[in-house]
Amino acid sequence: MMNNYFKKLGVNIFFMLIVFAVYPQWENRQVSVFFSLPEVALVDIEPGIDNSIHFTIIQGAGSGSSPTIEQSNNNSLWLNYSSALPVNQNSRSITAEVSQGTVPKGLKIFLEASQFSGNGNGQRGISSGKIELTNQPRPIITGIGNSYTGDGVQSGHQLTFSVEISDFTQIETSGENNFLVLYTLTDN
């Protein structure tokens with residue numbers, strides 16, 4: 001009987017040791033996690049292969065008729081951007097200006113950015129409407145927050161360029177007149 005008692009005691013002690021060893025121990029631990037997001041301000045014109053725009057002024061149909069502009073509008077380009085603002089900054093704008101060369105005398109070149117279109121996300125900008133391109137930067141999109149427009153054609157803001165004859169007396173014959181349009185994503 002004593003032998004049986006020690007067996008039961010041994011089995012009970014064994015099970016108590018197993019229960020004690022398996023019993024979970026709960027403790028709270030803290031882990032610090034750090035990450036950083038750098039400030040981002042990127043602007044791009046699509047399609048990237050050839051984003052040149054061509055306008056041609058052709059002579060009038062006959063004596064006494066005014067010259068006309070062949071294809072006076074072009075909307076083949078799209079403006080894409082990404083913006084991650086620094087702390088305490090509310091928004092950004094995109095400006096456009098003629099940076100190299102000059103608009104021929106007697107002509108006015110206009111630019112209009114459409115409202116946002118595509119699959120981007122965040123606080124995308126608002127079009128400023130139709131502006132005249134000069135050598136002074138003018139906003140074409142305002143109110144850009146933390147956002148991205150998506151990349152490529154059909155994403156972002158479609159750009160429409162148009163040309164008008166403003167003063168016939170200043171138009172001079174010439175070969176090609178080239179100028180560059182500079183887009184700048186600026187902090188407000």
# chains A, B, ... in the order shown; residues from 1 in each chain; ligands from 1
>>> residues_around(residues="Phe168 of chain A", least_positions_apart="5", cutoff="9 Å", atoms="only C-alpha atoms", output="MDAnalysis selection string")
chainID A and resid 66:67 106:107
>>> residues_around(residues="Thr134 of chain A", least_positions_apart="2", cutoff="8 Å", atoms="only C-alpha atoms", output="PyMOL selection string")
chain A and resi 97-98+103+132+136-137
>>> write_last_selection(atoms="C-alpha atoms", output="mmCIF file, in the first residue's frame")
data_model
loop_
_atom_site.group_PDB
_atom_site.id
_atom_site.type_symbol
_atom_site.label_atom_id
_atom_site.label_comp_id
_atom_site.auth_asym_id
_atom_site.auth_seq_id
_atom_site.Cartn_x
_atom_site.Cartn_y
_atom_site.Cartn_z
ATOM 1 C CA GLU A 97 6.702 80.056 -67.013
ATOM 2 C CA VAL A 98 8.641 80.517 -70.240
ATOM 3 C CA VAL A 103 7.015 83.860 -77.295
ATOM 4 C CA GLU A 132 -1.056 83.333 -70.225
ATOM 5 C CA GLN A 136 7.092 85.244 -64.928
ATOM 6 C CA PRO A 137 5.980 82.139 -62.967
#
>>> atom_distance(atom1="atom CA of Gln123 of chain A", atom2="atom CA of Ile140 of chain A")
15.9 Å
>>> residues_around(residues="Pro86 of chain A", least_positions_apart="5", cutoff="10 Å", atoms="only C-alpha atoms", output="MDAnalysis selection string")
chainID A and resid 37:40 91 146 187
>>> residues_around(residues="Gln100 of chain A", least_positions_apart="2", cutoff="8 Å", atoms="only C-alpha atoms", output="short mmCIF file (atom, residue, chain, number, x, y, z; two decimals) with all heavy atoms, in the first residue's frame")
data_model
loop_
_atom_site.label_atom_id
_atom_site.label_comp_id
_atom_site.auth_asym_id
_atom_site.auth_seq_id
_atom_site.Cartn_x
_atom_site.Cartn_y
_atom_site.Cartn_z
N VAL A 98 7.73 80.68 -69.11
CA VAL A 98 8.64 80.52 -70.24
C VAL A 98 10.05 80.74 -69.67
O VAL A 98 10.35 81.82 -69.18
CB VAL A 98 8.34 81.52 -71.37
CG1 VAL A 98 9.38 81.43 -72.46
CG2 VAL A 98 6.94 81.29 -71.92
N THR A 102 11.63 83.05 -76.19
CA THR A 102 10.54 84.00 -76.01
C THR A 102 9.37 83.63 -76.91
O THR A 102 9.54 83.02 -77.96
CB THR A 102 10.98 85.45 -76.36
OG1 THR A 102 11.44 85.47 -77.71
CG2 THR A 102 12.07 85.94 -75.44
N PHE A 179 10.76 77.80 -77.45
CA PHE A 179 10.92 78.22 -76.06
C PHE A 179 10.55 77.05 -75.16
O PHE A 179 9.86 76.13 -75.58
CB PHE A 179 10.09 79.47 -75.74
CG PHE A 179 8.62 79.33 -75.98
CD1 PHE A 179 7.78 78.88 -74.99
CD2 PHE A 179 8.07 79.67 -77.21
CE1 PHE A 179 6.42 78.75 -75.21
CE2 PHE A 179 6.72 79.55 -77.44
CZ PHE A 179 5.89 79.10 -76.44
N LEU A 180 11.04 77.10 -73.95
CA LEU A 180 10.80 76.04 -72.99
C LEU A 180 9.83 76.53 -71.91
O LEU A 180 9.92 77.67 -71.48
CB LEU A 180 12.09 75.59 -72.32
CG LEU A 180 13.13 74.95 -73.22
CD1 LEU A 180 14.40 74.62 -72.42
CD2 LEU A 180 12.58 73.68 -73.86
N VAL A 181 8.96 75.64 -71.48
CA VAL A 181 8.06 75.93 -70.36
C VAL A 181 8.60 75.19 -69.15
O VAL A 181 8.82 73.98 -69.21
CB VAL A 181 6.62 75.51 -70.68
CG1 VAL A 181 5.71 75.77 -69.49
CG2 VAL A 181 6.11 76.23 -71.91
#
>>> atom_distance(atom1="atom CA of Ser162 of chain A", atom2="atom CA of Leu111 of chain A")
6.5 Å
>>> residues_around(residues="Ser155 of chain A", least_positions_apart="5", cutoff="7 Å", atoms="only C-alpha atoms", output="NGL selection string")
:A and (80 or 117-119 or 149-150)
>>> closest_residue(among="A:Thr173, A:Leu182, A:Leu77, A:Ser82", to="Gln59 of chain A", atoms="only C-alpha atoms")
A:Thr173
